[in-house]
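Undergrad: Please find structure38.pdb (PDB, C-alpha atoms) on the next line:
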ATOM      1  CA  GLY A   1      70.876 222.899 227.321
ATOM      2  CA  GLU A   2      67.446 221.420 226.721
ATOM      3  CA  ASP A   3      65.285 222.755 223.945
ATOM      4  CA  VAL A   4      61.721 221.787 223.059
ATOM      5  CA  GLU A   5      60.068 223.080 219.912
ATOM      6  CA  GLN A   6      56.521 222.997 218.622
ATOM      7  CA  SER A   7      54.655 224.520 215.737
ATOM      8  CA  LEU A   8      52.690 227.596 216.764
ATOM      9  CA  PHE A   9      49.287 226.981 215.323
ATOM     10  CA  LEU A  10      46.999 224.241 214.026
ATOM     11  CA  SER A  11      43.558 224.634 212.506
ATOM     12  CA  VAL A  12      41.337 221.576 212.116
ATOM     13  CA  ARG A  13      37.723 220.853 211.266
ATOM     14  CA  GLU A  14      35.464 219.284 213.846
ATOM     15  CA  GLY A  15      35.456 215.511 213.463
ATOM     16  CA  ASP A  16      38.864 215.367 211.781
ATOM     17  CA  SER A  17      42.044 214.176 213.458
ATOM     18  CA  SER A  18      44.599 216.640 214.825
ATOM     19  CA  VAL A  19      48.296 215.947 214.969
ATOM     20  CA  ILE A  20      50.548 218.146 217.056
ATOM     21  CA  ASN A  21      54.290 217.690 216.683
ATOM     22  CA  CYS A  22      57.132 218.347 219.063
ATOM     23  CA  THR A  23      60.896 217.937 218.917
ATOM     24  CA  TYR A  24      63.284 217.884 221.843
ATOM     25  CA  THR A  25      67.012 217.718 222.303
ATOM     26  CA  ASP A  26      67.678 216.153 225.702
ATOM     27  CA  SER A  27      68.365 212.460 225.105
ATOM     28  CA  SER A  28      68.359 211.778 228.849
ATOM     29  CA  SER A  29      64.653 212.554 229.180
ATOM     30  CA  THR A  30      62.761 209.910 231.089
ATOM     31  CA  TYR A  31      59.250 211.147 230.514
ATOM     32  CA  LEU A  32      57.569 213.164 227.796
ATOM     33  CA  TYR A  33      54.285 214.887 228.511
ATOM     34  CA  TRP A  34      51.397 216.571 226.794
ATOM     35  CA  TYR A  35      49.500 219.265 228.654
ATOM     36  CA  LYS A  36      46.400 221.211 227.645
ATOM     37  CA  GLN A  37      45.794 224.811 228.663
ATOM     38  CA  GLU A  38      42.501 226.599 228.170
ATOM     39  CA  PRO A  39      42.312 230.420 228.347
ATOM     40  CA  GLY A  40      43.102 231.781 231.796
ATOM     41  CA  ALA A  41      43.543 228.340 233.283
ATOM     42  CA  GLY A  42      46.334 226.156 234.532
ATOM     43  CA  LEU A  43      47.754 223.160 232.753
ATOM     44  CA  GLN A  44      45.899 219.878 232.555
ATOM     45  CA  LEU A  45      47.992 216.752 232.163
ATOM     46  CA  LEU A  46      46.590 214.925 229.153
ATOM     47  CA  THR A  47      48.956 212.048 228.794
ATOM     48  CA  TYR A  48      52.580 211.075 229.099
ATOM     49  CA  ILE A  49      54.906 208.472 227.717
ATOM     50  CA  PHE A  50      58.005 206.852 229.093
ATOM     51  CA  SER A  51      61.054 207.302 226.929
ATOM     52  CA  ASN A  52      61.389 203.548 226.434
ATOM     53  CA  MET A  53      57.987 203.348 224.759
ATOM     54  CA  ASP A  54      57.152 204.263 221.191
ATOM     55  CA  MET A  55      53.374 204.528 221.385
ATOM     56  CA  LYS A  56      50.664 205.070 223.926
ATOM     57  CA  GLN A  57      46.932 205.243 223.296
ATOM     58  CA  ASP A  58      44.384 206.673 225.700
ATOM     59  CA  GLN A  59      40.861 206.946 224.322
ATOM     60  CA  ARG A  60      40.995 209.647 221.615
ATOM     61  CA  LEU A  61      44.634 210.440 222.279
ATOM     62  CA  THR A  62      47.580 208.662 220.673
ATOM     63  CA  VAL A  63      51.150 209.582 221.506
ATOM     64  CA  LEU A  64      53.953 208.520 219.191
ATOM     65  CA  LEU A  65      57.592 208.769 220.179
ATOM     66  CA  ASN A  66      60.515 208.474 217.809
ATOM     67  CA  LYS A  67      63.401 208.429 220.203
ATOM     68  CA  LYS A  68      66.027 208.273 217.476
ATOM     69  CA  ASP A  69      64.779 211.503 215.908
ATOM     70  CA  LYS A  70      63.679 212.953 219.294
ATOM     71  CA  HIS A  71      60.238 213.558 217.858
ATOM     72  CA  LEU A  72      56.995 213.367 219.791
ATOM     73  CA  SER A  73      53.479 213.716 218.437
ATOM     74  CA  LEU A  74      49.982 213.855 219.855
ATOM     75  CA  ARG A  75      47.083 212.723 217.716
ATOM     76  CA  ILE A  76      43.561 213.657 218.743
ATOM     77  CA  ALA A  77      40.930 211.581 216.982
ATOM     78  CA  ASP A  78      37.476 212.980 216.198
ATOM     79  CA  THR A  79      38.489 216.485 217.278
ATOM     80  CA  GLN A  80      35.757 218.409 219.058
ATOM     81  CA  THR A  81      35.263 222.150 219.617
ATOM     82  CA  GLY A  82      36.128 221.583 223.264
ATOM     83  CA  ASP A  83      39.594 220.508 222.157
ATOM     84  CA  SER A  84      40.389 224.086 221.146
ATOM     85  CA  ALA A  85      43.211 225.107 223.469
ATOM     86  CA  ILE A  86      46.968 225.458 223.682
ATOM     87  CA  TYR A  87      48.868 222.190 223.877
ATOM     88  CA  PHE A  88      52.299 222.028 225.446
ATOM     89  CA  CYS A  89      54.750 219.206 225.158
ATOM     90  CA  ALA A  90      57.326 218.894 227.885
ATOM     91  CA  GLU A  91      60.275 216.696 228.617
ATOM     92  CA  GLY A  92      61.912 215.884 231.880
ATOM     93  CA  THR A  93      63.446 213.332 234.160
ATOM     94  CA  ALA A  94      61.688 211.769 237.122
ATOM     95  CA  GLY A  95      60.841 214.322 239.778
ATOM     96  CA  ASN A  96      62.815 217.071 238.098
ATOM     97  CA  LYS A  97      61.769 220.274 236.468
ATOM     98  CA  LEU A  98      60.158 220.074 233.072
ATOM     99  CA  THR A  99      61.208 221.923 229.962
ATOM    100  CA  PHE A 100      58.210 223.087 228.000
ATOM    101  CA  GLY A 101      57.774 223.771 224.340
ATOM    102  CA  GLY A 102      56.287 227.069 223.274
ATOM    103  CA  GLY A 103      52.816 225.620 222.890
ATOM    104  CA  THR A 104      50.646 224.884 219.862
ATOM    105  CA  ARG A 105      47.389 226.766 219.615
ATOM    106  CA  VAL A 106      44.722 224.433 218.230
ATOM    107  CA  LEU A 107      41.595 225.925 216.728
ATOM    108  CA  VAL A 108      38.729 223.576 215.943
ATOM    109  CA  LYS A 109      36.304 224.876 213.341
ATOM    110  CA  PRO A 110      32.728 223.610 213.260
TER     111      PRO A 110
ATOM    112  CA  GLY B   1      44.801 212.682 238.698
ATOM    113  CA  ALA B   2      46.119 214.517 241.719
ATOM    114  CA  VAL B   3      44.669 217.921 242.611
ATOM    115  CA  VAL B   4      46.589 221.114 243.219
ATOM    116  CA  SER B   5      44.554 224.054 244.453
ATOM    117  CA  GLN B   6      45.939 227.514 243.747
ATOM    118  CA  HIS B   7      44.490 230.815 244.887
ATOM    119  CA  PRO B   8      43.709 233.511 244.351
ATOM    120  CA  SER B   9      42.761 233.040 240.705
ATOM    121  CA  TRP B  10      43.369 236.677 240.023
ATOM    122  CA  VAL B  11      44.585 239.635 241.989
ATOM    123  CA  ILE B  12      44.981 243.334 241.312
ATOM    124  CA  CYS B  13      47.332 245.299 243.504
ATOM    125  CA  LYS B  14      48.973 248.681 243.689
ATOM    126  CA  SER B  15      52.602 249.137 242.802
ATOM    127  CA  GLY B  16      54.830 248.698 245.855
ATOM    128  CA  THR B  17      52.576 246.286 247.703
ATOM    129  CA  SER B  18      53.174 242.568 248.276
ATOM    130  CA  VAL B  19      51.011 239.731 247.063
ATOM    131  CA  LYS B  20      50.920 236.164 248.335
ATOM    132  CA  ILE B  21      49.863 233.229 246.174
ATOM    133  CA  GLU B  22      49.080 229.889 247.779
ATOM    134  CA  CYS B  23      49.353 226.459 246.287
ATOM    135  CA  ARG B  24      47.974 223.414 248.095
ATOM    136  CA  SER B  25      48.163 219.753 247.189
ATOM    137  CA  LEU B  26      44.792 218.363 248.217
ATOM    138  CA  ASP B  27      45.190 214.627 247.891
ATOM    139  CA  PHE B  28      48.900 213.965 247.854
ATOM    140  CA  GLN B  29      52.060 215.037 249.602
ATOM    141  CA  ALA B  30      53.991 217.402 247.386
ATOM    142  CA  THR B  31      57.608 216.881 248.292
ATOM    143  CA  THR B  32      58.560 219.221 245.471
ATOM    144  CA  MET B  33      56.768 222.308 244.215
ATOM    145  CA  PHE B  34      57.651 224.259 241.104
ATOM    146  CA  TRP B  35      56.664 227.846 240.410
ATOM    147  CA  TYR B  36      56.278 229.035 236.835
ATOM    148  CA  ARG B  37      55.576 232.333 235.191
ATOM    149  CA  GLN B  38      53.769 232.686 231.891
ATOM    150  CA  PHE B  39      53.519 235.796 229.745
ATOM    151  CA  PRO B  40      50.647 236.127 227.257
ATOM    152  CA  LYS B  41      50.905 233.688 224.375
ATOM    153  CA  GLN B  42      54.185 232.334 225.668
ATOM    154  CA  SER B  43      55.359 229.157 227.282
ATOM    155  CA  LEU B  44      55.959 228.538 230.940
ATOM    156  CA  MET B  45      59.206 229.747 232.413
ATOM    157  CA  LEU B  46      60.403 228.017 235.549
ATOM    158  CA  MET B  47      61.101 230.475 238.345
ATOM    159  CA  ALA B  48      62.091 228.234 241.218
ATOM    160  CA  THR B  49      61.999 224.764 242.682
ATOM    161  CA  SER B  50      61.191 224.160 246.315
ATOM    162  CA  ASN B  51      61.519 221.007 248.348
ATOM    163  CA  GLU B  52      59.581 220.732 251.565
ATOM    164  CA  GLY B  53      61.569 222.061 254.474
ATOM    165  CA  SER B  54      64.389 223.426 252.330
ATOM    166  CA  LYS B  55      65.225 226.742 250.763
ATOM    167  CA  ALA B  56      64.008 227.211 247.221
ATOM    168  CA  THR B  57      66.366 226.954 244.278
ATOM    169  CA  TYR B  58      65.898 229.862 241.905
ATOM    170  CA  GLU B  59      66.498 229.871 238.186
ATOM    171  CA  GLN B  60      69.017 232.261 236.725
ATOM    172  CA  GLY B  61      67.667 235.782 236.486
ATOM    173  CA  VAL B  62      64.930 235.313 239.097
ATOM    174  CA  GLU B  63      65.382 237.569 242.122
ATOM    175  CA  LYS B  64      65.028 235.478 245.267
ATOM    176  CA  ASP B  65      64.465 238.543 247.444
ATOM    177  CA  LYS B  66      61.605 239.661 245.259
ATOM    178  CA  PHE B  67      59.907 236.316 244.791
ATOM    179  CA  LEU B  68      59.816 234.698 248.219
ATOM    180  CA  ILE B  69      58.945 231.031 248.219
ATOM    181  CA  ASN B  70      57.998 229.070 251.288
ATOM    182  CA  HIS B  71      57.365 225.332 251.358
ATOM    183  CA  ALA B  72      56.920 224.660 255.041
ATOM    184  CA  SER B  73      54.669 221.619 254.745
ATOM    185  CA  LEU B  74      54.064 218.766 252.345
ATOM    186  CA  THR B  75      50.762 220.266 251.257
ATOM    187  CA  LEU B  76      51.404 223.991 251.071
ATOM    188  CA  SER B  77      53.767 226.246 249.161
ATOM    189  CA  THR B  78      53.490 229.997 248.861
ATOM    190  CA  LEU B  79      54.944 232.560 246.489
ATOM    191  CA  THR B  80      55.088 236.149 247.708
ATOM    192  CA  VAL B  81      55.772 238.869 245.182
ATOM    193  CA  THR B  82      57.296 241.668 247.241
ATOM    194  CA  SER B  83      57.169 245.347 246.301
ATOM    195  CA  ALA B  84      55.313 244.486 243.125
ATOM    196  CA  HIS B  85      55.790 246.566 239.986
ATOM    197  CA  PRO B  86      53.788 246.624 236.760
ATOM    198  CA  GLU B  87      56.416 244.475 235.037
ATOM    199  CA  ASP B  88      55.618 241.719 237.549
ATOM    200  CA  SER B  89      52.155 241.452 236.040
ATOM    201  CA  SER B  90      51.903 237.930 234.710
ATOM    202  CA  PHE B  91      50.234 234.557 235.066
ATOM    203  CA  TYR B  92      51.839 232.507 237.830
ATOM    204  CA  ILE B  93      51.338 228.742 238.000
ATOM    205  CA  CYS B  94      52.464 226.260 240.607
ATOM    206  CA  SER B  95      52.886 222.542 240.229
ATOM    207  CA  GLY B  96      53.537 219.768 242.659
ATOM    208  CA  THR B  97      54.938 216.284 242.562
ATOM    209  CA  GLY B  98      55.547 213.540 245.048
ATOM    210  CA  SER B  99      56.108 209.834 245.364
ATOM    211  CA  SER B 100      52.388 209.058 245.123
ATOM    212  CA  THR B 101      52.088 210.891 241.799
ATOM    213  CA  ASN B 102      54.726 208.640 240.269
ATOM    214  CA  GLU B 103      56.821 211.765 239.868
ATOM    215  CA  LYS B 104      54.382 213.355 237.431
ATOM    216  CA  LEU B 105      53.637 217.055 237.829
ATOM    217  CA  PHE B 106      50.163 218.350 238.533
ATOM    218  CA  PHE B 107      49.401 222.007 238.071
ATOM    219  CA  GLY B 108      47.344 224.559 239.893
ATOM    220  CA  SER B 109      44.847 226.661 237.974
ATOM    221  CA  GLY B 110      47.099 229.691 237.941
ATOM    222  CA  THR B 111      46.974 233.216 239.333
ATOM    223  CA  GLN B 112      46.681 236.258 237.090
ATOM    224  CA  LEU B 113      48.503 239.129 238.780
ATOM    225  CA  SER B 114      47.934 242.677 237.609
ATOM    226  CA  VAL B 115      50.005 245.412 239.204
ATOM    227  CA  LEU B 116      48.717 248.941 238.691
TER     228      LEU B 116
END
For the structure just supplied, provide its representation as structure tokens.

TA:
Amino acid sequence: GEDVEQSLFLSVREGDSSVINCTYTDSSSTYLYWYKQEPGAGLQLLTYIFSNMDMKQDQRLTVLLNKKDKHLSLRIADTQTGDSAIYFCAEGTAGNKLTFGGGTRVLVKP
Amino acid sequence: GAVVSQHPSWVICKSGTSVKIECRSLDFQATTMFWYRQFPKQSLMLMATSNEGSKATYEQGVEKDKFLINHASLTLSTLTVTSAHPEDSSFYICSGTGSSTNEKLFFGSGTQLSVL
């Protein structure tokens, strides 16, 4: 079955770049997503990438996809205190259920 | 992005009572709604998938008679936790998708259920 794994925790200083990594196993995935969850809140879609792409940039966010190694990363440039949250990667096919990673808790220190 | 409104945000109920959680897509037609459950510091676990006008498909281990899902219209899905017990206490999140969202999922803000 599908499996998505992430590191549990990342600590970064304000102004530095953050890189959150994710690995997945389902080679039939069409889309790969990054969601942000703040305490007690739902999930906010940050960005996504089609499986036939290898990079996508959206303002401070850069997504890199290595399809051969089934590795996905999210880079946040100039990390701010408001970026402190849990970040989930997820993989799925169009319109189908997503499989989520366990989430990476990002702590931004001033 | 598309907006999914979920309420209540939190609810406290007595053991044995039923609780209904609503999820509305405000600016798109959600042909499919997904219901997730999240325990503290854990990932989201899919409970069920519902397509408008059809019976929900439940994941293995999820009791369909306990977690009643209704998706009677393209903008509203409800999850009713029947005869709630303390172990049902959790964070429940819905998400919706449709043709106008390019098949991406948009999530509600979640409902924290506490059963006493």

Undergrad: Hey, what comes out of the PyMOL selection byres ((chain B and resi 105-115) around 9) on this file? Could you write it as a count of residues only?

TA: 53

Undergrad: Please evaluate the PyMOL selection byres ((chain A and resi 106) around 8) against the displayed coordinates and give the resulting residues as JSON, numbers by chain.

TA: {"A": [9, 10, 11, 12, 83, 84, 85, 86, 87, 104, 105, 107, 108]}

Undergrad: Find the residue from B:Trp35, B:Thr80, B:Ser73, B:Lys41 that sits nearest to B:Tyr58; use all atoms listed in the file when measuring.

TA: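 That would be B:Trp35, the residue with the smallest distance to B:Tyr58.
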
Undergrad: Suppose you want the space between atom CA of A:Val63 and atom CA of A:Gly15; what is it in Å?

TA: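 Distance reported for this atom pair: 18.6 Å.
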
Undergrad: Could you jot down the atom CA of A:Phe50 to atom CA of B:Ser100 separation for me, Å, one decimal place?

TA: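 Pair atom CA of A:Phe50 / atom CA of B:Ser100 returns 17.1 Å.
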
Undergrad: Mind pulling up the distance from atom CA of A:Ile76 to atom CA of A:Ser18?

TA: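 Taking atom CA of A:Ser18 as the start and atom CA of A:Ile76 as the end point, the length is 5.0 Å.
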
Undergrad: With the PyMOL selection byres ((chain A and resi 68-71) around 8) as the selection, what would be picked from this file? Answer as a VMD selection string, please.

TA: chain A and resid 21 to 25 27 65 to 67 72 to 73

Undergrad: Measuring atom to atom with all atoms listed in the file, identify which of B:Lys55, B:Ser99, B:Val62, B:Leu68 is nearest to chain A.

TA: B:Ser99

Undergrad: Counting all atoms listed in the file, figure out which residue out of A:Thr30, A:Gln37, A:Thr81, A:Thr47 gets nearest to A:Thr62.

TA: A:Thr47

Undergrad: Got a sec to check which residues sit within 9 Å of (56.2, 219.0, 230.8), counting only C-alpha atoms, and write them as a list in words?

TA: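 It turns out the residues near that spot are Tyr31, Leu32, Tyr33, Trp34, Tyr35, Leu45, Tyr48, Phe88, Cys89, Ala90, Glu91, Gly92, Lys97, Leu98, Thr99, Phe100 and Gly101 of chain A; Lys104 and Leu105 of chain B.
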
Undergrad: Identify which of the residues A:Leu64, A:Val19, A:Met53, A:Leu46 lies closest to chain B, counting only C-alpha atoms when measuring atom-to-atom distances.

TA: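 Answer, going by the shortest atom-to-atom distance: A:Leu46.
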
Undergrad: Could you check which of A:Glu38, A:Asp58, A:Asp78, A:Glu14 is closest to chain B, using only C-alpha atoms?

TA: A:Glu38

Undergrad: When you count only C-alpha atoms, which of these residues is closest to chain B: A:Met55, A:Ala77, A:Ile49, A:Ile20?

TA: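 Comparing A:Met55, A:Ala77, A:Ile49, A:Ile20 against chain B, the winner is A:Ile49.
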
Undergrad: Go ahead and fit an axis-aligned box to every listed atom of stretch 37-43 of chain B plus 5 Å each side, and pass me the centre and edge lengths in Å, one decimal, as lines of an AutoDock Vina configuration file.

TA:
center_x = 53.1
center_y = 232.6
center_z = 229.8
size_x = 14.9
size_y = 17.0
size_z = 20.8

Undergrad: Starting from the incomplete input, reconstruct N, CA and C atoms of stretch 64-85 of chain B and write that as a PDB file, keeping the file's coordinate frame.

TA:
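Below is the file out_14.pdb, written as the result:
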ATOM      1  N   LYS B  64      65.561 236.222 244.128  1.00  0.00           N
ATOM      2  CA  LYS B  64      65.028 235.478 245.267  1.00  0.00           C
ATOM      3  C   LYS B  64      64.471 236.394 246.354  1.00  0.00           C
ATOM      4  N   ASP B  65      64.976 237.620 246.429  1.00  0.00           N
ATOM      5  CA  ASP B  65      64.465 238.543 247.444  1.00  0.00           C
ATOM      6  C   ASP B  65      63.151 239.179 247.025  1.00  0.00           C
ATOM      7  N   LYS B  66      62.862 239.088 245.754  1.00  0.00           N
ATOM      8  CA  LYS B  66      61.605 239.661 245.259  1.00  0.00           C
ATOM      9  C   LYS B  66      60.497 238.604 245.239  1.00  0.00           C
ATOM     10  N   PHE B  67      60.872 237.412 244.882  1.00  0.00           N
ATOM     11  CA  PHE B  67      59.907 236.316 244.791  1.00  0.00           C
ATOM     12  C   PHE B  67      60.223 235.320 245.914  1.00  0.00           C
ATOM     13  N   LEU B  68      59.544 235.515 247.039  1.00  0.00           N
ATOM     14  CA  LEU B  68      59.816 234.698 248.219  1.00  0.00           C
ATOM     15  C   LEU B  68      58.977 233.420 248.163  1.00  0.00           C
ATOM     16  N   ILE B  69      59.644 232.308 248.269  1.00  0.00           N
ATOM     17  CA  ILE B  69      58.945 231.031 248.219  1.00  0.00           C
ATOM     18  C   ILE B  69      59.125 230.299 249.540  1.00  0.00           C
ATOM     19  N   ASN B  70      57.999 229.830 250.044  1.00  0.00           N
ATOM     20  CA  ASN B  70      57.998 229.070 251.288  1.00  0.00           C
ATOM     21  C   ASN B  70      57.321 227.726 251.053  1.00  0.00           C
ATOM     22  N   HIS B  71      57.934 226.673 251.532  1.00  0.00           N
ATOM     23  CA  HIS B  71      57.365 225.332 251.358  1.00  0.00           C
ATOM     24  C   HIS B  71      57.508 224.612 252.690  1.00  0.00           C
ATOM     25  N   ALA B  72      56.744 225.104 253.662  1.00  0.00           N
ATOM     26  CA  ALA B  72      56.920 224.660 255.041  1.00  0.00           C
ATOM     27  C   ALA B  72      56.262 223.319 255.331  1.00  0.00           C
ATOM     28  N   SER B  73      55.323 222.907 254.502  1.00  0.00           N
ATOM     29  CA  SER B  73      54.669 221.619 254.745  1.00  0.00           C
ATOM     30  C   SER B  73      54.542 220.858 253.431  1.00  0.00           C
ATOM     31  N   LEU B  74      54.172 219.609 253.536  1.00  0.00           N
ATOM     32  CA  LEU B  74      54.064 218.766 252.345  1.00  0.00           C
ATOM     33  C   LEU B  74      52.815 219.059 251.522  1.00  0.00           C
ATOM     34  N   THR B  75      51.981 219.963 252.007  1.00  0.00           N
ATOM     35  CA  THR B  75      50.762 220.266 251.257  1.00  0.00           C
ATOM     36  C   THR B  75      50.611 221.741 250.919  1.00  0.00           C
ATOM     37  N   LEU B  76      51.571 222.558 251.314  1.00  0.00           N
ATOM     38  CA  LEU B  76      51.404 223.991 251.071  1.00  0.00           C
ATOM     39  C   LEU B  76      52.722 224.643 250.659  1.00  0.00           C
ATOM     40  N   SER B  77      52.655 225.397 249.574  1.00  0.00           N
ATOM     41  CA  SER B  77      53.767 226.246 249.161  1.00  0.00           C
ATOM     42  C   SER B  77      53.199 227.608 248.826  1.00  0.00           C
ATOM     43  N   THR B  78      53.951 228.647 249.166  1.00  0.00           N
ATOM     44  CA  THR B  78      53.490 229.997 248.861  1.00  0.00           C
ATOM     45  C   THR B  78      54.552 230.755 248.094  1.00  0.00           C
ATOM     46  N   LEU B  79      54.081 231.640 247.227  1.00  0.00           N
ATOM     47  CA  LEU B  79      54.944 232.560 246.489  1.00  0.00           C
ATOM     48  C   LEU B  79      54.495 233.965 246.850  1.00  0.00           C
ATOM     49  N   THR B  80      55.396 234.765 247.378  1.00  0.00           N
ATOM     50  CA  THR B  80      55.088 236.149 247.708  1.00  0.00           C
ATOM     51  C   THR B  80      55.876 237.063 246.788  1.00  0.00           C
ATOM     52  N   VAL B  81      55.143 237.872 246.039  1.00  0.00           N
ATOM     53  CA  VAL B  81      55.772 238.869 245.182  1.00  0.00           C
ATOM     54  C   VAL B  81      55.882 240.146 246.013  1.00  0.00           C
ATOM     55  N   THR B  82      57.095 240.518 246.363  1.00  0.00           N
ATOM     56  CA  THR B  82      57.296 241.668 247.241  1.00  0.00           C
ATOM     57  C   THR B  82      57.515 242.930 246.418  1.00  0.00           C
ATOM     58  N   SER B  83      57.013 244.049 246.946  1.00  0.00           N
ATOM     59  CA  SER B  83      57.169 245.347 246.301  1.00  0.00           C
ATOM     60  C   SER B  83      56.879 245.216 244.797  1.00  0.00           C
ATOM     61  N   ALA B  84      55.675 244.794 244.511  1.00  0.00           N
ATOM     62  CA  ALA B  84      55.313 244.486 243.125  1.00  0.00           C
ATOM     63  C   ALA B  84      55.359 245.727 242.233  1.00  0.00           C
ATOM     64  N   HIS B  85      55.777 245.519 241.005  1.00  0.00           N
ATOM     65  CA  HIS B  85      55.790 246.566 239.986  1.00  0.00           C
ATOM     66  C   HIS B  85      55.002 246.100 238.784  1.00  0.00           C
TER      67      HIS B  85
END
